[in-house]
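J.: My structure file entry_32.pdb, PDB, C-alpha atoms, pLDDT in the B column, is below:
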```pdb
ATOM      1  CA  MET A 178      20.509  -7.289   2.117  1.00 67.00           C
ATOM      2  CA  SER A 179      18.414  -9.006  -0.572  1.00 81.00           C
ATOM      3  CA  VAL A 180      17.061  -7.422  -3.719  1.00 81.00           C
ATOM      4  CA  TRP A 181      13.508  -8.107  -2.506  1.00 78.00           C
ATOM      5  CA  TYR A 182      14.175  -6.273   0.747  1.00 79.00           C
ATOM      6  CA  GLN A 183      15.607  -3.302  -1.140  1.00 81.00           C
ATOM      7  CA  MET A 184      12.594  -3.230  -3.467  1.00 79.00           C
ATOM      8  CA  GLY A 185      10.232  -3.376  -0.503  1.00 77.00           C
ATOM      9  CA  GLN A 186      12.016  -0.495   1.172  1.00 78.00           C
ATOM     10  CA  SER A 187      11.865   1.521  -2.049  1.00 79.00           C
ATOM     11  CA  VAL A 188       8.113   0.939  -2.340  1.00 77.00           C
ATOM     12  CA  ARG A 189       7.623   1.842   1.320  1.00 75.00           C
ATOM     13  CA  ASN A 190       9.612   5.063   0.906  1.00 75.00           C
ATOM     14  CA  LEU A 191       7.623   5.964  -2.203  1.00 74.00           C
ATOM     15  CA  LEU A 192       4.351   5.415  -0.377  1.00 70.00           C
ATOM     16  CA  ILE A 193       5.495   7.567   2.506  1.00 69.00           C
ATOM     17  CA  SER A 194       6.236  10.380   0.069  1.00 69.00           C
ATOM     18  CA  LEU A 195       2.837   9.912  -1.617  1.00 65.00           C
ATOM     19  CA  THR A 196       0.818  10.085   1.604  1.00 60.00           C
ATOM     20  CA  SER A 197       0.947  13.871   1.435  1.00 59.00           C
ATOM     21  CA  THR A 198      -0.918  13.734  -1.907  1.00 59.00           C
ATOM     22  CA  SER A 199      -3.722  11.464  -0.619  1.00 60.00           C
ATOM     23  CA  LYS A 200      -2.818   8.861  -3.244  1.00 69.00           C
ATOM     24  CA  ALA A 201      -1.220   6.467  -0.769  1.00 77.00           C
ATOM     25  CA  ILE A 202      -2.167   5.121   2.621  1.00 87.00           C
ATOM     26  CA  LEU A 203      -0.084   3.641   5.417  1.00 87.00           C
ATOM     27  CA  ASP A 204      -2.269   1.646   7.811  1.00 93.00           C
ATOM     28  CA  THR A 205      -3.021  -1.855   9.041  1.00 96.00           C
ATOM     29  CA  ALA A 206      -4.352  -4.430   6.565  1.00 97.00           C
ATOM     30  CA  SER A 207      -7.756  -4.611   8.270  1.00 98.00           C
ATOM     31  CA  ASN A 208      -8.175  -0.823   8.219  1.00 97.00           C
ATOM     32  CA  ILE A 209      -7.179  -0.677   4.553  1.00 96.00           C
ATOM     33  CA  GLN A 210      -9.625  -3.407   3.559  1.00 97.00           C
ATOM     34  CA  ALA A 211     -12.416  -1.634   5.454  1.00 97.00           C
ATOM     35  CA  ARG A 212     -12.014   1.538   3.366  1.00 96.00           C
ATOM     36  CA  THR A 213     -14.507   1.989   0.514  1.00 93.00           C
ATOM     37  CA  ASP A 214     -14.412   5.584  -0.746  1.00 90.00           C
ATOM     38  CA  ASP A 215     -10.883   5.887  -2.124  1.00 90.00           C
ATOM     39  CA  GLU A 216     -10.039   6.970  -5.662  1.00 88.00           C
ATOM     40  CA  LEU A 217      -9.237   4.271  -8.211  1.00 90.00           C
ATOM     41  CA  GLY A 218      -5.519   3.628  -8.272  1.00 88.00           C
ATOM     42  CA  THR A 219      -4.902   4.637  -4.669  1.00 88.00           C
ATOM     43  CA  MET A 220      -2.105   2.556  -3.157  1.00 88.00           C
ATOM     44  CA  ALA A 221      -1.952   1.354   0.427  1.00 91.00           C
ATOM     45  CA  TYR A 222       0.855  -0.254   2.397  1.00 89.00           C
ATOM     46  CA  ALA A 223      -0.153  -2.475   5.298  1.00 93.00           C
ATOM     47  CA  THR A 224       2.306  -1.713   8.055  1.00 90.00           C
ATOM     48  CA  ASP A 225       1.397  -4.833  10.030  1.00 94.00           C
ATOM     49  CA  THR A 226       1.802  -7.326   7.170  1.00 94.00           C
ATOM     50  CA  ASN A 227       4.165  -5.436   4.816  1.00 90.00           C
ATOM     51  CA  LYS A 228       1.764  -6.017   1.920  1.00 92.00           C
ATOM     52  CA  LEU A 229       0.886  -3.606  -0.854  1.00 91.00           C
ATOM     53  CA  TYR A 230      -2.691  -2.995  -2.009  1.00 94.00           C
ATOM     54  CA  VAL A 231      -4.248  -0.978  -4.834  1.00 93.00           C
ATOM     55  CA  PHE A 232      -7.851   0.250  -4.924  1.00 94.00           C
ATOM     56  CA  THR A 233      -9.781  -0.912  -8.004  1.00 94.00           C
ATOM     57  CA  SER A 234     -13.421  -0.953  -9.049  1.00 94.00           C
ATOM     58  CA  SER A 235     -13.617  -4.282  -7.182  1.00 94.00           C
ATOM     59  CA  GLY A 236     -12.193  -2.832  -3.970  1.00 95.00           C
ATOM     60  CA  TRP A 237      -8.759  -3.356  -2.472  1.00 97.00           C
ATOM     61  CA  GLN A 238      -6.567  -5.831  -4.350  1.00 96.00           C
ATOM     62  CA  LEU A 239      -3.370  -7.347  -3.028  1.00 94.00           C
ATOM     63  CA  VAL A 240      -0.402  -6.654  -5.284  1.00 90.00           C
ATOM     64  CA  GLN A 241       1.634  -9.831  -5.677  1.00 70.00           C
TER      65      GLN A 241
END
```
Would you mind giving the structure from this file in structure tokens?
T.:
Amino acid sequence: MSVWYQMGQSVRNLLISLTSTSKAILDTASNIQARTDDELGTMAYATDTNKLYVFTSSGWQLVQ
């Protein structure tokens, strides 16, 4: 198991725990990018692409 895989799993597990606080979203990439009324700093994990996004004043930004 690679370090990158372990980090990805850690981020995914953190997001799952944050979904109960409305600060994180688990959804498809297209559904995430269609959202517009989230609080700044909200994180989203795209379950179909395994990519992480954060909501900024410019909308959803891919975390690289």
J.: Got a sec: who's within 10 Å of Gly236 in chain A, counting all atoms listed in the file, leaving out chain neighbours fewer than 6 positions off, as a ChimeraX atom specification?
T.: /A:210-215,217,230
J.: Rank nothing, just name the residue among A:Ala201, A:Asn208, A:Val180, A:Thr233 nearest to Ala221 in chain A, using only C-alpha atoms.
T.: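 Result for the nearest residue to Ala221 in chain A: A:Ala201.
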J.: Kindly indicate which residue among A:Ala223, A:Ser234, A:Lys228, A:Val188 lies nearest to Ala206 in chain A, using only C-alpha atoms for the distances.
T.: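 Nearest candidate to Ala206 in chain A out of A:Ala223, A:Ser234, A:Lys228, A:Val188: A:Ala223.
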J.: Enter the distance from CA of Asp204 in chain A to CA of Tyr222 in chain A, in Å, rounded to one decimal.
T.: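 CA of Asp204 in chain A sits 6.5 Å away from CA of Tyr222 in chain A.
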J.: Work out how far CA of Thr219 in chain A is from CA of Ser235 in chain A, in Å to one decimal.
T.: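 Straight-line distance from CA of Ser235 in chain A to CA of Thr219 in chain A works out to 12.7 Å.
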J.: What does the distance between CA of Gln238 in chain A and CA of Ser187 in chain A come to in Å, to one decimal place?
T.: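 Answer for the CA of Gln238 in chain A to CA of Ser187 in chain A separation: 20.0 Å.
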J.: Return as a list in words the set of residues that the PyMOL selection byres ((chain A and resi 185) around 12) yields on the displayed structure.
T.: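 Answer for the PyMOL selection byres ((chain A and resi 185) around 12): Met178, Ser179, Val180, Trp181, Tyr182, Gln183, Met184, Gln186, Ser187, Val188, Arg189, Asn190, Leu191, Leu192, Tyr222, Ala223, Thr224, Asn227, Lys228, Leu229 and Gln241 of chain A.
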